[in-house]
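Report on the structure given below.
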Amino acid sequence: MINDLWYKNAIIYCLSVETFMDSNGDGVGDFPGLMRRLDYLHGLGVTAIWLMPFQPSPRRDGGYDITDYYNVDPRYGTLGDFVEFAHGCKQRGIRLLIDLVVNHTSDQHPWFQEACRNPDSPYRDWYVWADKKPKNANSGLVFPGVQKSTWTYDEVAKAWYFHRFYEFQPDLDTASPHVQAEILKIMGFWLQLGVSGFRMDAVPFVIAEKGAKTGKPVEQYGMLRTFREFLQWRCGDAIILAEANVLPESDMSYFGDDGDRMHMMFNFAVNQTLFYALAAAEVKPLVKAMEATRTRPQTAQWGSFLRNHDELDLGRLTQKQRETVFQAFAPEADMQLYGRGIRRRLAPMLQGDRRRLELAYSLMATLPGTPVLRYGDEIGMGDDLSLPERNCARTPMQWSTEPHGGFTAGDTPTMPVIDQGPYGYPHVNVAAQRRDPDSLLNWMERIIRMRKEVPEIGWGEFTILPVDASCVLAVRYDWRNNAVIVIHNLGAAPLEVRLDGGAVGDVKHVLINLLSEDHSHAGEDGQYRILLEPYGYRWYRAGGLDYLLRRTEI
Ligand code: NOJ
């Protein structure tokens, strides 16, 4: 069904046009600005870019409240600028993914406005209505503490409308064949303009039954196949990367037993337990999550991530585990959000400790799946907790020591650039890190390069190797007679790890270190003794260096 599995060994970089680079000095990032920075991204080694919503929008929810699915917000440029950018990506062999936000529209969308004004309008049925306030109006809130209800009365419509998210985001009735046809049309439009697929927003809500009488919403998984089929028929190598924070038991319903639904999903189970592992120096729950999410169709893939533009949602950890993570990484109430998550960027969470940052990104790069990096993480950007909710981690990219970090030549950036403290742009910026061979940016570039050379991780099967330290994760990947072993010490103390040559699957009694000259030789007893520094990590290839001879692209 799919004719190119490029996403199995990709490096995805997520960015928001609004905060990346402003070309015309109006303070708002735009496509021409992004275009100028495309070679920077190419140089970093990313192979796919995921653009957050850039369509016209009142931007009351970071653009996840769209008023026109077939256009570019004029503040960012024109459709022509978008196509130039898409072409620039194509020229450099970079795939382009965009957000597909079709669970809801903005309340300013002409469809909703028309639906409110005219009960006989065909658009009325595109949304979800009730005459009386439904009993469940105060349940199922996604943003507790900020969002008040899931049903709101509209004075013009003289009816209640359903909104899973904020009240200005009325839900589309996604079960309606008209709405479904429109969703396909939106996908077709952007495919035609050159995208390689979509990060589909809020998938469990898109496919949930909606309505005043629905109790626990039942998922209509068949819809996922409809989207997939359409996409594939139009464009054989396009993908959907689903945002679905669901329990591992449901994973296969999203991927489809025959691999006929979502191509990729973010691995939220691994994400949450990874943060617990980092906080507690204890890998057991992470291993459990890796095992629980092991099964997937051959053509499917996980998206591995650390932080994204939302809060770090810890809702699926036990209360005790969540407290441990809060204590370690977000001890103040202001750093937490919605009672379940952390709103900080990764670098401040890890107190800017370079050893821990490398450990975390090395883990992200070597967990089963395809890494998804967030803009600014490559230079260790910080957050601005004075900004509301999730905005604290959405500040503009810090390019240089010029005013506003070189993001804009204007006076009023769309969002304040971090200019104070250890994460301010005078200290943390691309220009300075480019010049420093030991910078995080240059480390990231090297790790990305190596990750691409280790297709075993994206393609292979993993085995957890037994080690007798609860703070060490040792994983072997096997793919086409090649094996790679990655070891991470999540603890603050140095330690020696012993690996049995048999378990390592080694034939030559040497593990080739992929990141330094420090190879490891098996002792006479067939054991490897590997000394790991605090937060140390190793990437080895077992069986010598001739692996490339056996590599074929698919
Ligand atoms: C998930 C997005 O990641 C988040 O930023 C947004 O607020 C909600 N969906 C609503 O679209």
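Residues in the structure tokens are numbered from 1 in each chain, the chains being A, B, ... in the order shown, and ligands are numbered from 1 in the order shown.
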request  = Name the residues, by chain letter and number, that sit within 10 Å of ligand 1 using only C-alpha atoms and all ligand atoms, and give them as a PyMOL selection string.
outcome  = chain A and resi 52-53+60-66+99-106+142-143+164-166+169+199-203+205+243-244+308-311+390-391
Helix (DSSP H, G or I) positions in range 80-298 of chain A, given as number ranges by chain = A: 80-91, 110-117, 122-126, 135-138, 177-192, 203-206, 222-234, 248-255, 268-280, 284-292
Output for the residues just chosen: C-alpha atoms as a PDB file, in the first residue's frame:
ATOM      1  CA  GLY A  80       3.188  31.327  -3.124  1.00  0.00           C
ATOM      2  CA  ASP A  81       5.711  31.646  -0.284  1.00  0.00           C
ATOM      3  CA  PHE A  82       4.574  28.291   1.038  1.00  0.00           C
ATOM      4  CA  VAL A  83       5.145  26.646  -2.325  1.00  0.00           C
ATOM      5  CA  GLU A  84       8.607  28.234  -2.571  1.00  0.00           C
ATOM      6  CA  PHE A  85       9.399  26.748   0.790  1.00  0.00           C
ATOM      7  CA  ALA A  86       7.997  23.345  -0.132  1.00  0.00           C
ATOM      8  CA  HIS A  87      10.149  23.426  -3.232  1.00  0.00           C
ATOM      9  CA  GLY A  88      13.217  24.411  -1.185  1.00  0.00           C
ATOM     10  CA  CYS A  89      12.623  21.396   1.036  1.00  0.00           C
ATOM     11  CA  LYS A  90      12.248  19.107  -1.938  1.00  0.00           C
ATOM     12  CA  GLN A  91      15.461  20.379  -3.500  1.00  0.00           C
ATOM     13  CA  PRO A 110     -17.138  30.961   8.191  1.00  0.00           C
ATOM     14  CA  TRP A 111     -18.583  27.425   8.466  1.00  0.00           C
ATOM     15  CA  PHE A 112     -19.310  27.888  12.147  1.00  0.00           C
ATOM     16  CA  GLN A 113     -20.499  31.470  11.739  1.00  0.00           C
ATOM     17  CA  GLU A 114     -22.918  30.354   9.043  1.00  0.00           C
ATOM     18  CA  ALA A 115     -23.999  27.341  11.119  1.00  0.00           C
ATOM     19  CA  CYS A 116     -24.872  29.667  14.012  1.00  0.00           C
ATOM     20  CA  ARG A 117     -26.675  32.235  11.894  1.00  0.00           C
ATOM     21  CA  PRO A 122     -25.787  22.759   5.433  1.00  0.00           C
ATOM     22  CA  TYR A 123     -23.005  23.787   7.788  1.00  0.00           C
ATOM     23  CA  ARG A 124     -25.279  23.430  10.801  1.00  0.00           C
ATOM     24  CA  ASP A 125     -24.732  19.673  10.709  1.00  0.00           C
ATOM     25  CA  TRP A 126     -20.987  20.082  10.469  1.00  0.00           C
ATOM     26  CA  LYS A 135     -25.414  16.677  31.668  1.00  0.00           C
ATOM     27  CA  ASN A 136     -21.816  15.893  30.831  1.00  0.00           C
ATOM     28  CA  ALA A 137     -20.962  19.532  30.045  1.00  0.00           C
ATOM     29  CA  ASN A 138     -18.418  19.733  32.807  1.00  0.00           C
ATOM     30  CA  PRO A 177     -19.878  12.255   5.446  1.00  0.00           C
ATOM     31  CA  HIS A 178     -19.735  15.909   4.369  1.00  0.00           C
ATOM     32  CA  VAL A 179     -17.144  16.741   7.002  1.00  0.00           C
ATOM     33  CA  GLN A 180     -15.162  13.632   6.111  1.00  0.00           C
ATOM     34  CA  ALA A 181     -15.203  14.576   2.453  1.00  0.00           C
ATOM     35  CA  GLU A 182     -13.939  18.039   3.378  1.00  0.00           C
ATOM     36  CA  ILE A 183     -11.115  16.557   5.462  1.00  0.00           C
ATOM     37  CA  LEU A 184      -9.998  14.532   2.462  1.00  0.00           C
ATOM     38  CA  LYS A 185     -10.187  17.631   0.306  1.00  0.00           C
ATOM     39  CA  ILE A 186      -7.952  19.512   2.741  1.00  0.00           C
ATOM     40  CA  MET A 187      -5.444  16.663   2.661  1.00  0.00           C
ATOM     41  CA  GLY A 188      -5.560  16.558  -1.126  1.00  0.00           C
ATOM     42  CA  PHE A 189      -4.981  20.309  -1.357  1.00  0.00           C
ATOM     43  CA  TRP A 190      -1.771  20.304   0.667  1.00  0.00           C
ATOM     44  CA  LEU A 191      -0.510  17.091  -0.926  1.00  0.00           C
ATOM     45  CA  GLN A 192      -0.875  18.806  -4.244  1.00  0.00           C
ATOM     46  CA  VAL A 203      -6.806  11.806  16.730  1.00  0.00           C
ATOM     47  CA  PRO A 204      -8.711  10.037  19.553  1.00  0.00           C
ATOM     48  CA  PHE A 205     -11.131  12.970  19.590  1.00  0.00           C
ATOM     49  CA  VAL A 206     -11.439  13.113  15.816  1.00  0.00           C
ATOM     50  CA  GLY A 222     -12.750   2.812  10.381  1.00  0.00           C
ATOM     51  CA  MET A 223     -12.307   6.530   9.773  1.00  0.00           C
ATOM     52  CA  LEU A 224      -8.560   6.128  10.080  1.00  0.00           C
ATOM     53  CA  ARG A 225      -8.533   3.704   7.194  1.00  0.00           C
ATOM     54  CA  THR A 226     -10.519   6.159   5.091  1.00  0.00           C
ATOM     55  CA  PHE A 227      -7.895   8.851   5.694  1.00  0.00           C
ATOM     56  CA  ARG A 228      -5.042   6.457   5.050  1.00  0.00           C
ATOM     57  CA  GLU A 229      -6.485   5.101   1.829  1.00  0.00           C
ATOM     58  CA  PHE A 230      -7.124   8.513   0.413  1.00  0.00           C
ATOM     59  CA  LEU A 231      -3.639   9.691   1.293  1.00  0.00           C
ATOM     60  CA  GLN A 232      -1.991   6.663  -0.212  1.00  0.00           C
ATOM     61  CA  TRP A 233      -4.019   6.728  -3.364  1.00  0.00           C
ATOM     62  CA  ARG A 234      -3.145  10.341  -3.934  1.00  0.00           C
ATOM     63  CA  PRO A 248      -0.726   0.702  24.666  1.00  0.00           C
ATOM     64  CA  GLU A 249      -3.675  -1.739  24.408  1.00  0.00           C
ATOM     65  CA  SER A 250      -5.199   0.574  21.804  1.00  0.00           C
ATOM     66  CA  ASP A 251      -2.066   1.048  19.713  1.00  0.00           C
ATOM     67  CA  MET A 252      -2.883  -1.625  17.176  1.00  0.00           C
ATOM     68  CA  SER A 253      -6.343  -0.174  16.674  1.00  0.00           C
ATOM     69  CA  TYR A 254      -4.627   3.037  15.584  1.00  0.00           C
ATOM     70  CA  PHE A 255      -1.954   1.369  13.445  1.00  0.00           C
ATOM     71  CA  PHE A 268       3.476   8.885  24.775  1.00  0.00           C
ATOM     72  CA  ALA A 269       3.888   5.797  26.978  1.00  0.00           C
ATOM     73  CA  VAL A 270       7.640   5.791  26.426  1.00  0.00           C
ATOM     74  CA  ASN A 271       7.828   9.577  26.704  1.00  0.00           C
ATOM     75  CA  GLN A 272       6.307   9.670  30.184  1.00  0.00           C
ATOM     76  CA  THR A 273       8.262   6.735  31.580  1.00  0.00           C
ATOM     77  CA  LEU A 274      11.437   8.131  30.051  1.00  0.00           C
ATOM     78  CA  PHE A 275      11.051  11.264  32.148  1.00  0.00           C
ATOM     79  CA  TYR A 276      10.409   9.120  35.185  1.00  0.00           C
ATOM     80  CA  ALA A 277      13.551   7.138  34.365  1.00  0.00           C
ATOM     81  CA  LEU A 278      15.582  10.337  34.105  1.00  0.00           C
ATOM     82  CA  ALA A 279      14.142  11.677  37.350  1.00  0.00           C
ATOM     83  CA  ALA A 280      14.451   8.505  39.415  1.00  0.00           C
ATOM     84  CA  LYS A 284      12.102  -0.513  34.851  1.00  0.00           C
ATOM     85  CA  PRO A 285       8.894   1.382  33.985  1.00  0.00           C
ATOM     86  CA  LEU A 286      10.523   2.620  30.780  1.00  0.00           C
ATOM     87  CA  VAL A 287      11.413  -0.937  29.790  1.00  0.00           C
ATOM     88  CA  LYS A 288       7.842  -1.949  30.548  1.00  0.00           C
ATOM     89  CA  ALA A 289       6.536   0.801  28.267  1.00  0.00           C
ATOM     90  CA  MET A 290       8.964  -0.215  25.526  1.00  0.00           C
ATOM     91  CA  GLU A 291       7.751  -3.796  25.769  1.00  0.00           C
ATOM     92  CA  ALA A 292       4.096  -2.711  25.862  1.00  0.00           C
TER      93      ALA A 292
END
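Remark: for Glu445 in chain A, the closest of the candidate residues A:Thr299, A:Gln220, A:Thr67, A:Ser362 is A:Ser362 (distances computed over only C-alpha atoms).
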Selection: 12 Å around Ala474 in chain A, only C-alpha atoms, excl. self and same-chain fewer than 3 positions, as a ChimeraX atom specification = /A:283-284,286-287,363,366-367,462-471,477,484-490,497-500,503-504,530,532,536-540
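When CA of Arg344 in chain A is paired with CA of Ser16 in chain A, their separation reads 17.2 Å.
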key: Spatial neighbours of range 435-439 of chain A, 12 Å, only C-alpha atoms, chain gap at least 6 places, as a PyMOL selection string   = chain A and resi 354+357-358+378-380+400+427-429+445-446
Closest of A:Val195, A:Leu531, A:Ala330, A:Met450 to Asp237 in chain A - atom-to-atom distances counting only C-alpha atoms = A:Val195
task = Work out how far apart CA of Asn482 in chain A and CA of Pro455 in chain A are and give it in Å to one decimal.
result = 9.6 Å
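Closest approach to Arg340 in chain A among A:Ser386, A:Ala492, A:Pro144, A:Leu172: A:Pro144, based on only C-alpha atoms.
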